[in-house]
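Asker: Would you mind keeping the following structure in view while I ask a few things?
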Amino acid sequence: MHRFANPARFLRLARPASAVCFWGGLLIAAIGLYWGVFAAPADYLQGESVRMLYIHVPTAWLSMSGYAGLAIAGFSALVWRHPLADVALLALAPVGAVFSAVCLITGSIWGRPTWGTWWVWDGRLTSMLVLFFLYLGVIALARSYDEPGRGAKMASILALLGLVNLPIIKFSVEWWNTLHQPASITLSGSSIDGSMLWPLLTSALGIGLLMASAVLMRMRALIAERKVSARLARLAAA
């Protein structure tokens, strides 16, 4: 990991990687979404509304994995003081917030015809809303201090504390009575038919690559911004 601590070395890899992730993700996501929305069969119970699955589920997975990445970046910044860890933290937070917002919105749209309501305060939905607010809290803390290093430190602490919410999201459907269905994909297999599973996994891969490209591009922008700020500070001191 420390081999990539040098911003110049990281940028040499990030520039082509962000382009590959963006264009590859765009293509794969388009295939997966077209496959799911137009080619996959409707569900025998939920009908056509199940097509929201191909956006809602990938954004839910990526919201949770993005927050885990946020916590790893925060831990690296606090313990190892990795030079790019706080950059990754600041880059991941707004991207993760957008994905969690899309998850909540698409879930509400899906829930209206399925459950007869836009929202219920059950364990899964409430804990996902908490995840969205945790992302916003990390962003707010990082921007609340004039000294960027202190802001990143406080944001890292919140990111680590917020990890407790991930198992709550995961197991909420087992711990409490909820309208939300249990997990359809587990380590032991999947209850989703292959005609719906494969377009779901394809769209998840494509959307995941798009998320990775957004994070890489934001990291590049933040590094460039810091270089400009450091140059201006040197010129002001001269």
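Just so we're on the same page: first chain in the structure tokens is A, next is B, and so on; residues restart at 1 for each chain, and ligands are numbered from 1 in the order they show up.
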Which residues of stretch 115-223 of chain A come within 9 Å of stretch 48-55 of chain A, and what is each one's closest atom pair and distance in Å (one decimal), counting only C-alpha atoms, sorted by chain and residue number, as JSON lines?

Answerer:
```
{"residue": "A:Met196", "atom": "CA", "partner": "A:Tyr54", "partner_atom": "CA", "distance": 8.9}
{"residue": "A:Pro199", "atom": "CA", "partner": "A:Tyr54", "partner_atom": "CA", "distance": 7.4}
{"residue": "A:Leu200", "atom": "CA", "partner": "A:Tyr54", "partner_atom": "CA", "distance": 5.3}
{"residue": "A:Leu201", "atom": "CA", "partner": "A:Tyr54", "partner_atom": "CA", "distance": 8.5}
{"residue": "A:Ser203", "atom": "CA", "partner": "A:Tyr54", "partner_atom": "CA", "distance": 6.4}
{"residue": "A:Ala204", "atom": "CA", "partner": "A:Tyr54", "partner_atom": "CA", "distance": 7.6}
{"residue": "A:Ile207", "atom": "CA", "partner": "A:Ile55", "partner_atom": "CA", "distance": 8.6}
```

Asker: Those selected residues, please, written with N, CA and C atoms and delivered as a PDB file, in the first residue's frame.

Answerer:
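Written output follows (out30.pdb):
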```pdb
ATOM      1  N   MET A 196     -32.821 -13.456 -13.930  1.00  0.00           N
ATOM      2  CA  MET A 196     -32.810 -12.160 -13.261  1.00  0.00           C
ATOM      3  C   MET A 196     -31.496 -11.919 -12.518  1.00  0.00           C
ATOM      4  N   PRO A 199     -28.371 -10.474 -15.082  1.00  0.00           N
ATOM      5  CA  PRO A 199     -28.413  -9.035 -15.366  1.00  0.00           C
ATOM      6  C   PRO A 199     -28.185  -8.186 -14.115  1.00  0.00           C
ATOM      7  N   LEU A 200     -28.622  -8.685 -12.947  1.00  0.00           N
ATOM      8  CA  LEU A 200     -28.380  -7.959 -11.696  1.00  0.00           C
ATOM      9  C   LEU A 200     -26.886  -7.861 -11.412  1.00  0.00           C
ATOM     10  N   LEU A 201     -26.189  -8.991 -11.514  1.00  0.00           N
ATOM     11  CA  LEU A 201     -24.748  -8.993 -11.250  1.00  0.00           C
ATOM     12  C   LEU A 201     -23.994  -8.163 -12.282  1.00  0.00           C
ATOM     13  N   SER A 203     -25.176  -5.489 -13.969  1.00  0.00           N
ATOM     14  CA  SER A 203     -25.388  -4.074 -13.670  1.00  0.00           C
ATOM     15  C   SER A 203     -24.620  -3.660 -12.416  1.00  0.00           C
ATOM     16  N   ALA A 204     -24.521  -4.552 -11.417  1.00  0.00           N
ATOM     17  CA  ALA A 204     -23.762  -4.240 -10.206  1.00  0.00           C
ATOM     18  C   ALA A 204     -22.285  -4.041 -10.520  1.00  0.00           C
ATOM     19  N   ILE A 207     -22.002  -0.616 -12.437  1.00  0.00           N
ATOM     20  CA  ILE A 207     -22.200   0.525 -11.544  1.00  0.00           C
ATOM     21  C   ILE A 207     -21.049   0.624 -10.549  1.00  0.00           C
TER      22      ILE A 207
END
```

Asker: To test your reading of the structure, identify every residue in stretch 46-178 of chain A that backbone DSSP assigns to alpha helix (DSSP H), and report it as JSON, numbers by chain.

Answerer: {"A": [53, 54, 55, 56, 57, 58, 59, 60, 61, 62, 63, 64, 65, 66, 67, 68, 69, 70, 71, 72, 73, 74, 75, 85, 86, 87, 88, 89, 90, 91, 92, 93, 94, 95, 96, 97, 98, 99, 100, 101, 102, 103, 104, 105, 106, 107, 108, 109, 110, 111, 112, 113, 114, 115, 123, 124, 125, 126, 127, 128, 129, 130, 131, 132, 133, 134, 135, 136, 137, 138, 139, 140, 141, 142, 143, 148, 149, 150, 151, 152, 153, 154, 155, 156, 157, 158, 159, 160, 161, 165, 166, 167, 168, 169, 170, 171, 172, 173, 174, 175]}

Asker: Pick out the residues sitting within 8 Å of A:Arg15, and hand them over as a list in words; count only C-alpha atoms, and ignore anything fewer than 4 positions along from it in its own chain.

Answerer: Leu11, Ala19, Met217 and Arg220 of chain A

Asker: Under the rule that only C-alpha atoms are counted, which of A:Val87, A:Ala230, A:Ile72, A:Leu205 is the nearest residue to A:Ala30?

Answerer: A:Leu205

Asker: Could you give me, as a ChimeraX atom specification, the residues within 7 Å of stretch 57-67 of chain A, counting only C-alpha atoms and dropping anything in the same chain fewer than 3 positions from it?

Answerer: /A:53-54,70-71,92,96,99-100,102-103,166,204,208

Asker: Could you tell me how far atom CA of A:Pro148 lies from atom CA of A:Leu131, in Å and to one decimal?

Answerer: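 One can read the atom CA of A:Pro148 to atom CA of A:Leu131 distance as 23.5 Å.
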
Asker: Residues within 7 Å of stretch 175-188 of chain A, please, as a list in words. Count only C-alpha atoms; anything in the same chain fewer than 2 positions from it doesn't count.

Answerer: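 With the cut-off at 7 Å, the set is Asp122, Gly123, Arg124, Phe171, Ser172, Val173, Ser190, Ser191 and Ile192 of chain A.
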
Asker: Taking into account only C-alpha atoms, which residue in the set A:Gly206, A:Phe22, A:Ala91, A:Ala77 is nearest to A:Arg150?

Answerer: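 Residue with the minimum atom-to-atom distance to A:Arg150: A:Ala77.
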